[in-house]
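Just below is one structure, and these are the notes that go with it.
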Amino acid sequence: MKTGIVFHELYLWHHTGNHADYIPYGFPVEPLHHSESPDTKRRIKNLMDVSGLYNKLTAISPRNATKDEILLFHTDNHYEHIKSLNGSITTDAGISAPTGIGSFDIALLSAGGVLEAIDHVIDGKVDNAYALVRPPGHHAMPNKAMGFCIFGNAAIAGKHALKNKGLSKIAFVDWDVHHGNGTQTAFYEDSDALTISIHQDRNFPTNSGLINETGEGKGSGYNINIPLPPGSGVGAYEAAFDRVVIPALEAYKPELIIVPSGFDGGAGDPIGRQMMTSEGFISLTEKLMQSADQICDGKILMTHEGGYSAATVPFFAHSVIETLAQENMGITDPFQKIIGNLGQQELQPHQDSLIKEAEKLIKNIK
Ligand SMILES: [Zn+2]
């Protein structure tokens, strides 16, 4: 399996400044670090280096996205606003989206990395790809930065695939623990993209990602939210995939699947309350790959989003990328034994009820 990987050292130089998690410092908040720090991303790359996995992958060099590409999703005002902050020390560029010196340039490189990756997948230069980019993108709105996200990397890549690469149907499966509100917004009135987000019920943004947000106009029926209750484990995620995500993909038949891939659904994440494990992420990846093989010649692009436990996230990501590449580097996730045996990892009745509601949405897909 030929799996592409996008990474660049500059992704780690996007500086989010001193916060306590995501709260700006200042009395009575002592300065600490921001949740969205380079650590998780750096440690994913480091683990791939020491395991040898990185050398098994096909390196795809990122480039800066052009202004025209950013404007496939964003307003001119938003682009110019972020550009104007490029020389400023840490400031909030929108709603909880800190940027520092050079962040505009790095955000262009992040979006451009995802664009390069999607081109490689569409053109058949690789079978699938993982874009390990930063800053993340799925909360960014057309006119504002939001939730640690500056430009909507996945949404821009999707628009590019439809407008510039001749695709007519694409699907998103966002497994970040937070709602993919930006991606939903980008395609809310379109039927040429099926947007699916599986997330923790009303975590972030608050009151977003509800099950009744199903699209409007031509896009009516082509947005599926699966807002799992907090405490959902591998059983709930697997059931959501088996009963909603995979049947929806099979009904829609996209030419490409984009996965905004956050690992904050993992057990122990500081800002998520789900209980996913490496084995769980492997299982979801395998389900997607089997489905993609039948529907779209295996074409999957994953683009990195959240995940804030620097200890666990590298093992989740390594497992997923290893699965995409069909490699086995002999790395055992030392957290699996503990978090895999947490109580209520199996599907619970209240989670089953929510998934039953989501199953009803599949019939809207034509
Ligand atoms: Zn997230």
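Residue names in the structure tokens use chain letters A, B, ... in the order shown, residue numbers from 1 in each chain, and ligand numbers from 1 in the order shown.
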Using only C-alpha atoms, tabulate the residues of stretch 32-122 of chain A lying at most 12 Å from any atom of stretch 168-182 of chain A, each with its closest atom pair and that distance in Å to one decimal, by chain and increasing residue number, as JSON lines.
{"residue": "A:Phe73", "atom": "CA", "partner": "A:Gly182", "partner_atom": "CA", "distance": 9.5}
{"residue": "A:His74", "atom": "CA", "partner": "A:Gly182", "partner_atom": "CA", "distance": 10.3}
{"residue": "A:Ile118", "atom": "CA", "partner": "A:Ile170", "partner_atom": "CA", "distance": 11.6}
{"residue": "A:Ile122", "atom": "CA", "partner": "A:Ile170", "partner_atom": "CA", "distance": 11.3}
>> Show me which residues line ligand 1, defined as having an atom within 9 Å of a ligand atom where only C-alpha atoms and all ligand atoms count, and present them as an NGL selection string.
In response: :A and (136 or 138-139 or 147 or 175-180 or 199 or 204 or 261-265 or 271-272 or 305-308)
>> Can you tell me which residues surround A:Thr90 at a distance of at most 12 Å, considering only C-alpha atoms, apart from same-chain residues fewer than 3 positions away, and format the answer as a ChimeraX atom specification?
In response: /A:14-19,24-25,34,85-87,93,96-104
>> I'd like the interatomic distance between atom CA of A:Asn46 and atom CA of A:Thr183, to a tenth of an Å.
In response: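 Computed distance, atom CA of A:Asn46 to atom CA of A:Thr183, equals 29.3 Å.
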>> Taking only C-alpha atoms into account, name the residue in A:Lys337, A:Lys363, A:Lys218, A:Arg273 that is nearest to A:Leu249.
In response: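 With only C-alpha atoms as the atom set, the closest residue is A:Lys363.
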>> From the options A:Ser278, A:Asn153, A:Ser191, A:Asn328, which residue's atoms come nearest to A:Met302, counting only C-alpha atoms?
In response: A:Asn153
> Which parts of stretch 54-279 of chain A does DSSP call helix (DSSP H, G or I) when run on the backbone here, written out as a ChimeraX atom specification?
Replying inline: /A:54-56,67-70,76-84,103-122,153-163,181-186,217-219,234-252,278-279
> Which value, in Å to one decimal, gives the distance between atom CA of A:Asn223 and atom CA of A:Pro260?
Replying inline: 14.9 Å
> If you count only C-alpha atoms, which residues fall within 8 Å of A:Asp201, apart from same-chain ones fewer than 5 positions away, as a list in words?
Replying inline: Gly209, Leu210, Pro227, Leu228, Pro229 and Pro230 of chain A
> What residues in stretch 37-247 of chain A get the DSSP label strand (DSSP E or B)? Please answer as a VMD selection string.
Replying inline: chain A and resid 58 to 60 91 to 92 94 to 95 98 to 99 128 to 131 141 144 to 146 149 170 to 174 193 to 200 223 to 228
